[in-house]
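Asks: If you scroll down you'll find the structure; I have some questions about it.
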Amino acid sequence: MKYVQEFRDPQKAQGLLHEIEALGRQLTQDRPGPIKIMEICGGHTHSIFKYGLESLLPPTVELVHGPGCPVCIMPKGRLDDAISIAQQPHVILTTFGDVMRVPGSQQSLLQAKAEGADIRMVYSPLDALKLARENPEREVVFFAIGFETTAPSTALTVLQAKREGVTNFSLFCNHVLVVPALEALLSNPDLQLDGFIGPGHVSMVIGARPYQVIAERYGKPVTIAGFEPLDILQSLWMVLRQLAQGRCEVENQYTRLVNHDGNAVALDALAQVFTVREQFEWRGLGDIPASGFKMHPNYAQFDAEAKFTLPHQRIADHKACACGEILQGVKKPWECKVFGTACTPEHPIGACMVSSEGACAAYYKYGATQTPQKSEALAKSH
C-alpha cells in the first residue's frame with residue numbers, strides 16, 4: 001500500500017458489491033433469511049458505519065455485530081473492583097480514557113474521581129509505570145483491559161518494571177481472549193451465524209492459526225480483515241465465496257500486517273507475564289472458560305488482585321439496557337428501548353454507548369437509528 005486512497009476506491013467497491021450481491025442471491029435461494037456474517041471487532045463496526053457499507057449491502061446479506069469491544073464486555077462488578085482499588089489510601093489508579101465513563105453499579109471511574117479518588121487517564125501502561133517511578137510513596141495501579149491487541153504492551157511494561165525493580169506498580173488485569181468468546185457465541189442456539197469477519201488488530205498479535213478451531217470444530221468460515229472500506233468488502237466477499245463453494249477455512253485478507261503464526265515477540269511476552277484464568281465474566285455472555293488472562297505466579301508482586309481486598313461481586317446490568325444482547329449479536333442497538341433517548345453518549349446507561357468501539361456509539365454517531373427494511377426487500381427479491 002502506498003496511499004490510503006487505494007483502499008477507498010469507489011469503482012473497486014462497486015465491483016465487490018456486485019459480486020457480494022450475486023453470491024448473496026445464490027446462497028439465499030433455498031433459505032428464508034439473509035446470510036448472517038459477524039464482524040467481531042468494534043473497530044470494524046465503526047468503519048462499516050463510517051463509510052456507509054451496511055446501507056450498500058444487498059438484503060440477502062446481514063452484518064451482525066460481535067463482542068469485540070473490550071470496554072463494552074467489562075462487567076459492572078469488575079468496574080466496582082477498580083473503583084474500590086482507587087478509593088484505597090495512597091493509591092493512584094490509571095487506565096485508558098474510554099474506561100473512565102463506563103457505569104459501574106453505583107458510579108463510574110470519572111464520578112469516583114470527582115469525589116476525590118486519584119484516578120488518571122493514561123495513553124499506555126508505560127505512562128503508569130512512569131507515575132510509579134515519580135511517586136515511590138504511592139501504589140500505582142494500571143487498570144488493564146483489552147484483547148490480545150493491548151495485552152502485549154501491558155506485559156512488556158511489567159517486564160520493564162521488574163528489570164528496574166519498581167515495587168509500587170501493579171496491574172488490575174482484565175485482558176480477555178477472542179477465540180473463547182467466539183466459541184461461547186456459537187454455543188448459543190438463539191444466534192444463527194454463517195461466518196465471521198475476523199479482527200485485524202488482535203490477529204496481528206495471535207496470527208491466523210487460533211481461528212482454526214472455529215472452522216474445523218464449528219464449521220464456520222473466518223476471514224481476517226483490515227479496517228479500510230475495501231478491506232471489509234473484500235473480506236465479506238471472501239466469506240461468501242467460501243460458503244458458495246462449500247469450503248470452511250480461515251483466510252487472511254489483511255496480509256499486509258497479519259501472518260499465520262502471529263508476532264513472536266508479543267506472544268513470548270504474554271507467555272512470560274500472564275497465564276489463562278479458569279474463567280472470566282463477560283458482560284452479556286456470562287462466565288466463559290479460559291477467556292481471560294491473570295498474572296503468572298512469577299509476577300505475583302505486580303498483581304493488584306493479590307495486593308488489595310476486592311468486593312468481587314456480580315452486578316446485573318440496568319433492566320432497560322440491552323447491551324448484553326447487543327454484544328451477543330442477538331439484538332441491534334435500535335432494538336434497545338433506551339437507545340438514543342435515555343441512553344446517549346453524553347448520558348450512557350450501557351457500556352456499548354460509551355466506548356469508541358461500541359456498537360451503540362457507532363449507530364448513534366453515524367445516524368443508524370431507524371429499523372432497516374431489509375427483511376421486506378429480501379422477501380421481494382425472492
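We name chains A, B, ... following the order of the C-alpha cells; residues begin at 1 in each chain, and ligands are numbered from 1 as shown.
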I'd like the neighbourhood of Thr223 (chain A) as a PyMOL selection string, where a residue qualifies if any of its atoms comes within 9 Å (using only C-alpha atoms), though same-chain residues fewer than 2 positions away should be ignored.
Replies: chain A and resi 195-199+221+225+235-236+238-239+249-254
Asks: For the selection you just gave me, I'd like the residues written to a file as an mmCIF file, in the first residue's frame, keeping N, CA, C and O atoms.
Replies:
```cif
data_model
loop_
_atom_site.group_PDB
_atom_site.id
_atom_site.type_symbol
_atom_site.label_atom_id
_atom_site.label_comp_id
_atom_site.auth_asym_id
_atom_site.auth_seq_id
_atom_site.Cartn_x
_atom_site.Cartn_y
_atom_site.Cartn_z
ATOM 1 N N GLY A 195 -20.809 -17.125 9.252
ATOM 2 C CA GLY A 195 -19.367 -16.946 9.172
ATOM 3 C C GLY A 195 -18.929 -15.708 9.924
ATOM 4 O O GLY A 195 -19.758 -14.975 10.488
ATOM 5 N N PHE A 196 -17.614 -15.476 9.921
ATOM 6 C CA PHE A 196 -17.039 -14.380 10.699
ATOM 7 C C PHE A 196 -16.067 -13.556 9.861
ATOM 8 O O PHE A 196 -15.309 -14.101 9.053
ATOM 9 N N ILE A 197 -16.094 -12.247 10.098
ATOM 10 C CA ILE A 197 -15.010 -11.363 9.682
ATOM 11 C C ILE A 197 -14.123 -11.194 10.903
ATOM 12 O O ILE A 197 -14.535 -10.629 11.923
ATOM 13 N N GLY A 198 -12.898 -11.711 10.827
ATOM 14 C CA GLY A 198 -12.011 -11.757 11.980
ATOM 15 C C GLY A 198 -11.346 -10.425 12.264
ATOM 16 O O GLY A 198 -11.134 -9.606 11.362
ATOM 17 N N PRO A 199 -10.989 -10.178 13.533
ATOM 18 C CA PRO A 199 -10.410 -8.892 13.945
ATOM 19 C C PRO A 199 -8.968 -8.724 13.471
ATOM 20 O O PRO A 199 -8.123 -9.590 13.706
ATOM 21 N N PRO A 221 -16.707 -20.401 8.359
ATOM 22 C CA PRO A 221 -15.546 -19.748 7.735
ATOM 23 C C PRO A 221 -15.189 -18.444 8.425
ATOM 24 O O PRO A 221 -16.064 -17.732 8.936
ATOM 25 N N ALA A 225 -9.718 -9.434 8.530
ATOM 26 C CA ALA A 225 -9.889 -8.245 7.698
ATOM 27 C C ALA A 225 -9.150 -7.037 8.245
ATOM 28 O O ALA A 225 -8.999 -6.872 9.453
ATOM 29 N N SER A 235 -13.245 -8.863 2.433
ATOM 30 C CA SER A 235 -13.340 -9.936 3.427
ATOM 31 C C SER A 235 -14.738 -10.550 3.431
ATOM 32 O O SER A 235 -14.891 -11.777 3.531
ATOM 33 N N LEU A 236 -15.743 -9.715 3.314
ATOM 34 C CA LEU A 236 -17.118 -10.208 3.250
ATOM 35 C C LEU A 236 -17.307 -11.077 2.010
ATOM 36 O O LEU A 236 -17.904 -12.167 2.075
ATOM 37 N N MET A 238 -14.994 -12.743 0.498
ATOM 38 C CA MET A 238 -14.231 -13.977 0.703
ATOM 39 C C MET A 238 -15.013 -14.990 1.542
ATOM 40 O O MET A 238 -14.988 -16.194 1.271
ATOM 41 N N VAL A 239 -15.721 -14.501 2.578
ATOM 42 C CA VAL A 239 -16.542 -15.403 3.397
ATOM 43 C C VAL A 239 -17.676 -15.979 2.552
ATOM 44 O O VAL A 239 -17.949 -17.189 2.578
ATOM 45 N N GLU A 249 -12.818 -22.459 5.885
ATOM 46 C CA GLU A 249 -11.403 -22.274 6.157
ATOM 47 C C GLU A 249 -11.174 -20.951 6.882
ATOM 48 O O GLU A 249 -12.091 -20.135 7.031
ATOM 49 N N VAL A 250 -9.945 -20.749 7.305
ATOM 50 C CA VAL A 250 -9.507 -19.456 7.834
ATOM 51 C C VAL A 250 -8.681 -18.793 6.741
ATOM 52 O O VAL A 250 -7.640 -19.315 6.330
ATOM 53 N N GLU A 251 -9.172 -17.672 6.240
ATOM 54 C CA GLU A 251 -8.460 -16.932 5.198
ATOM 55 C C GLU A 251 -7.999 -15.590 5.766
ATOM 56 O O GLU A 251 -8.618 -15.042 6.685
ATOM 57 N N ASN A 252 -6.956 -15.063 5.186
ATOM 58 C CA ASN A 252 -6.352 -13.824 5.680
ATOM 59 C C ASN A 252 -6.364 -12.766 4.591
ATOM 60 O O ASN A 252 -5.563 -12.813 3.658
ATOM 61 N N GLN A 253 -7.282 -11.828 4.697
ATOM 62 C CA GLN A 253 -7.307 -10.695 3.767
ATOM 63 C C GLN A 253 -6.278 -9.643 4.145
ATOM 64 O O GLN A 253 -5.722 -8.965 3.289
ATOM 65 N N TYR A 254 -5.975 -9.554 5.448
ATOM 66 C CA TYR A 254 -5.122 -8.478 5.989
ATOM 67 C C TYR A 254 -3.659 -8.917 5.944
ATOM 68 O O TYR A 254 -2.942 -8.815 6.937
#
```
Asks: Please identify all polymer residues within 6 Å of region 102-110 of chain A, counting only C-alpha atoms, omitting same-chain residues fewer than 5 positions from it, and present them as a ChimeraX atom specification.
Replies: /A:76,79-80,351
Asks: Could the residues in this selection be written to a file with all heavy atoms, as a compact mmCIF listing (two decimals), in the first residue's frame?
Replies:
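What ended up in result_36.txt:
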```txt
# COMPACT_ATOMS: atom_id res chain seq x y z
N LYS A 76 -20.01 -5.00 35.29
CA LYS A 76 -20.06 -3.94 36.30
C LYS A 76 -19.27 -4.30 37.55
O LYS A 76 -18.68 -3.43 38.20
CB LYS A 76 -21.52 -3.65 36.68
CG LYS A 76 -22.28 -2.85 35.65
CD LYS A 76 -23.66 -2.47 36.18
CE LYS A 76 -24.38 -1.56 35.19
NZ LYS A 76 -25.70 -1.14 35.70
N LEU A 79 -15.71 -3.27 37.26
CA LEU A 79 -15.57 -1.82 37.38
C LEU A 79 -15.67 -1.39 38.84
O LEU A 79 -14.93 -0.52 39.30
CB LEU A 79 -16.66 -1.13 36.54
CG LEU A 79 -16.44 -1.23 35.03
CD1 LEU A 79 -17.75 -1.00 34.29
CD2 LEU A 79 -15.40 -0.23 34.56
N ASP A 80 -16.59 -2.03 39.58
CA ASP A 80 -16.69 -1.74 41.01
C ASP A 80 -15.39 -2.11 41.73
O ASP A 80 -14.95 -1.41 42.65
CB ASP A 80 -17.85 -2.52 41.62
CG ASP A 80 -19.21 -1.91 41.27
OD1 ASP A 80 -19.23 -0.86 40.60
OD2 ASP A 80 -20.23 -2.48 41.68
N ALA A 351 -22.45 0.22 28.52
CA ALA A 351 -21.08 0.39 28.04
C ALA A 351 -21.00 0.50 26.53
O ALA A 351 -20.08 1.11 25.99
CB ALA A 351 -20.23 -0.79 28.52
```
Asks: Within 7 Å of Arg8 (chain A), counting only C-alpha atoms, which residues qualify if same-chain residues fewer than 3 places away don't, as a list in words?
Replies: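 Here the answer would be Gln5, Glu228, Pro229 and Leu230 of chain A.
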Asks: So that I have them on file, write out the residues from the current selection with C-alpha atoms, as a CSV table (one decimal), in the first residue's frame.
Replies:
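Result written to out_2.csv:
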```csv
chain,number,residue,atom,x,y,z
A,5,GLN,CA,-7.0,6.1,-1.2
A,228,GLU,CA,-10.5,0.2,5.3
A,229,PRO,CA,-13.7,0.0,3.2
A,230,LEU,CA,-12.3,-2.3,0.6
```
Asks: Residues of region 161-221 of chain A within 12 Å of region 313-328 of chain A: nearest atom pair and distance (Å, one decimal) for each, counting only C-alpha atoms, sorted by chain and number, as a Markdown table?
Replies:
```
| residue | atom | partner | partner_atom | distance |
| --- | --- | --- | --- | --- |
| A:Ala181 | CA | A:Gln328 | CA | 9.6 |
| A:Leu182 | CA | A:Gln328 | CA | 9.6 |
| A:Glu183 | CA | A:Gln328 | CA | 11.6 |
| A:Ala184 | CA | A:Gln328 | CA | 9.3 |
| A:Leu185 | CA | A:Gln328 | CA | 6.6 |
| A:Leu186 | CA | A:Gln328 | CA | 9.9 |
| A:Ser187 | CA | A:Gln328 | CA | 11.1 |
| A:Asn188 | CA | A:Gln328 | CA | 8.9 |
| A:Pro189 | CA | A:Gln328 | CA | 11.5 |
| A:Asp190 | CA | A:Gln328 | CA | 9.7 |
| A:Leu191 | CA | A:Gln328 | CA | 7.9 |
| A:Gln192 | CA | A:Gln328 | CA | 11.0 |
| A:Leu193 | CA | A:Gln328 | CA | 11.2 |
```
Asks: Give me the residues within 6 Å of region 201-216 of chain A as a list in words, counting only C-alpha atoms and dropping any in the same chain fewer than 6 places off.
Replies: Glu148, Thr149, Cys248, Glu249, Val258, Asn259, His260, Asp261, Gly262 and Asn263 of chain A
Asks: Could you please determine the separation between CA of Glu346 (chain A) and CA of Pro333 (chain A) in Å, to one decimal place?
Replies: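 These atoms are spaced 16.5 Å apart.
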Asks: Could you give me, as a list in words, the residues within 7 Å of Ala290 (chain A), counting only C-alpha atoms and dropping anything in the same chain fewer than 2 positions from it?
Replies: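 Here the answer would be Pro180, Val276, Arg277, Glu278, Gln279, Ile288 and Gly292 of chain A.
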Asks: From the set A:Leu23, A:Leu63, A:Ala13, A:Val354, which residue has the shortest atom-to-atom contact distance to Gln245 (chain A), counting only C-alpha atoms?
Replies: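 Checking each candidate against Gln245 (chain A), we get A:Leu23 as the closest.
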Asks: Quick one: everything within 10 Å of Pro136 (chain A), counting only C-alpha atoms, minus sequence neighbours fewer than 2 positions away in the same chain. Send it as an MDAnalysis selection string.
Replies: chainID A and resid 131:134 138:140 166:169
Asks: Tell me, as a PyMOL selection string, which residues lie within 12 Å of Asp127 (chain A), counting only C-alpha atoms; anything in the same chain fewer than 6 positions away does not count.
Replies: chain A and resi 93-96+120-121+133-134+140-142+153-154+157+161+169
Asks: Let's have the selection written as a compact mmCIF listing (two decimals), in the first residue's frame, with all heavy atoms.
Replies:
```txt
# COMPACT_ATOMS: atom_id res chain seq x y z
N LEU A 93 -4.89 5.18 40.61
CA LEU A 93 -5.41 4.23 39.62
C LEU A 93 -5.32 4.87 38.25
O LEU A 93 -5.75 6.01 38.05
CB LEU A 93 -6.85 3.85 39.92
CG LEU A 93 -7.44 2.81 38.97
CD1 LEU A 93 -6.95 1.41 39.32
CD2 LEU A 93 -8.97 2.84 38.97
N THR A 94 -4.76 4.14 37.29
CA THR A 94 -4.62 4.65 35.93
C THR A 94 -5.33 3.72 34.96
O THR A 94 -5.41 2.51 35.18
CB THR A 94 -3.14 4.75 35.54
OG1 THR A 94 -2.56 3.43 35.56
CG2 THR A 94 -2.37 5.64 36.49
N THR A 95 -5.84 4.30 33.88
CA THR A 95 -6.48 3.48 32.84
C THR A 95 -6.66 4.32 31.59
O THR A 95 -6.33 5.51 31.55
CB THR A 95 -7.83 2.93 33.33
OG1 THR A 95 -8.29 1.91 32.43
CG2 THR A 95 -8.89 4.02 33.44
N PHE A 96 -7.22 3.68 30.55
CA PHE A 96 -7.46 4.37 29.28
C PHE A 96 -8.72 5.24 29.39
O PHE A 96 -9.62 4.98 30.20
CB PHE A 96 -7.61 3.37 28.15
CG PHE A 96 -6.38 2.54 27.90
CD1 PHE A 96 -6.47 1.16 27.77
CD2 PHE A 96 -5.13 3.13 27.80
CE1 PHE A 96 -5.35 0.39 27.53
CE2 PHE A 96 -3.99 2.37 27.58
CZ PHE A 96 -4.11 0.99 27.44
N ARG A 120 -6.37 8.55 37.08
CA ARG A 120 -5.77 9.31 36.00
C ARG A 120 -5.84 8.55 34.68
O ARG A 120 -5.61 7.35 34.63
CB ARG A 120 -4.31 9.63 36.34
CG ARG A 120 -4.14 10.30 37.69
CD ARG A 120 -2.72 10.76 37.93
NE ARG A 120 -2.49 11.11 39.33
CZ ARG A 120 -1.37 11.63 39.80
NH1 ARG A 120 -0.34 11.86 38.97
NH2 ARG A 120 -1.24 11.91 41.08
N MET A 121 -6.15 9.30 33.63
CA MET A 121 -6.17 8.72 32.29
C MET A 121 -4.75 8.68 31.75
O MET A 121 -3.99 9.66 31.87
CB MET A 121 -7.04 9.55 31.36
CG MET A 121 -7.21 8.96 29.98
SD MET A 121 -8.11 10.06 28.86
CE MET A 121 -6.83 11.26 28.48
N ARG A 133 7.39 5.49 39.17
CA ARG A 133 8.75 5.95 39.43
C ARG A 133 8.73 7.32 40.11
O ARG A 133 9.53 7.59 41.02
CB ARG A 133 9.54 6.08 38.11
CG ARG A 133 9.81 4.78 37.38
CD ARG A 133 10.82 5.05 36.27
NE ARG A 133 10.73 4.08 35.19
CZ ARG A 133 10.13 4.29 34.02
NH1 ARG A 133 9.55 5.46 33.78
NH2 ARG A 133 10.11 3.35 33.11
N GLU A 134 7.82 8.19 39.67
CA GLU A 134 7.77 9.56 40.17
C GLU A 134 7.11 9.67 41.53
O GLU A 134 7.25 10.70 42.22
CB GLU A 134 7.02 10.45 39.16
CG GLU A 134 7.74 10.60 37.82
CD GLU A 134 6.88 11.29 36.78
OE1 GLU A 134 5.66 11.45 37.02
OE2 GLU A 134 7.42 11.67 35.72
N VAL A 140 0.79 2.62 42.49
CA VAL A 140 0.21 2.96 41.19
C VAL A 140 -0.32 1.68 40.55
O VAL A 140 0.42 0.71 40.34
CB VAL A 140 1.24 3.64 40.27
CG1 VAL A 140 0.61 3.92 38.90
CG2 VAL A 140 1.74 4.93 40.91
N VAL A 141 -1.61 1.68 40.24
CA VAL A 141 -2.27 0.50 39.68
C VAL A 141 -2.75 0.84 38.27
O VAL A 141 -3.40 1.87 38.06
CB VAL A 141 -3.46 0.05 40.55
CG1 VAL A 141 -4.12 -1.19 39.94
CG2 VAL A 141 -3.01 -0.22 41.98
N PHE A 142 -2.45 -0.04 37.33
CA PHE A 142 -2.94 0.13 35.96
C PHE A 142 -4.12 -0.80 35.76
O PHE A 142 -3.99 -2.02 35.89
CB PHE A 142 -1.83 -0.17 34.95
CG PHE A 142 -2.29 -0.06 33.51
CD1 PHE A 142 -2.77 1.14 33.01
CD2 PHE A 142 -2.23 -1.16 32.66
CE1 PHE A 142 -3.20 1.24 31.69
CE2 PHE A 142 -2.64 -1.06 31.35
CZ PHE A 142 -3.13 0.14 30.86
N SER A 153 1.55 -4.88 25.24
CA SER A 153 2.15 -3.65 25.79
C SER A 153 2.10 -3.67 27.32
O SER A 153 3.02 -3.20 27.99
CB SER A 153 1.45 -2.41 25.24
OG SER A 153 0.09 -2.37 25.65
N THR A 154 1.03 -4.25 27.87
CA THR A 154 0.95 -4.40 29.32
C THR A 154 2.02 -5.35 29.82
O THR A 154 2.71 -5.08 30.82
CB THR A 154 -0.44 -4.93 29.72
OG1 THR A 154 -1.46 -4.08 29.17
CG2 THR A 154 -0.59 -4.96 31.23
N THR A 157 5.44 -3.85 29.78
CA THR A 157 5.59 -2.88 30.86
C THR A 157 5.92 -3.57 32.18
O THR A 157 6.77 -3.10 32.95
CB THR A 157 4.32 -2.03 31.00
OG1 THR A 157 4.06 -1.36 29.76
CG2 THR A 157 4.47 -1.00 32.11
N ALA A 161 9.15 -3.09 34.50
CA ALA A 161 9.07 -2.79 35.93
C ALA A 161 9.94 -3.75 36.74
O ALA A 161 10.61 -3.35 37.69
CB ALA A 161 7.62 -2.85 36.39
N PHE A 169 4.25 -0.67 41.62
CA PHE A 169 3.46 -0.71 40.39
C PHE A 169 2.77 -2.07 40.31
O PHE A 169 3.38 -3.11 40.58
CB PHE A 169 4.37 -0.53 39.17
CG PHE A 169 3.67 -0.74 37.84
CD1 PHE A 169 2.81 0.22 37.34
CD2 PHE A 169 3.87 -1.91 37.10
CE1 PHE A 169 2.16 0.02 36.12
CE2 PHE A 169 3.25 -2.10 35.89
CZ PHE A 169 2.39 -1.14 35.39
```
Asks: Just how far from CA of Arg217 (chain A) is CA of Glu54 (chain A), in Å to one decimal?
Replies: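 If I compute the distance from CA of Glu54 (chain A) to CA of Arg217 (chain A), I get 29.2 Å.
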Asks: Which parts of region 331-369 of chain A does DSSP call helix (DSSP H, G or I) when run on the backbone here, written out as a ChimeraX atom specification?
Replies: /A:333-335,351-353,359-365
Asks: Give me, please, the distance in Å between CA of Val338 (chain A) and CA of Cys360 (chain A), quoted to one decimal.
Replies: 10.8 Å
Asks: Considering only C-alpha atoms, state which residue in the set A:Gly116, A:Pro10, A:Gly77, A:Gly15 is at the smallest distance from His90 (chain A).
Replies: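 Closest candidate: A:Gly116.
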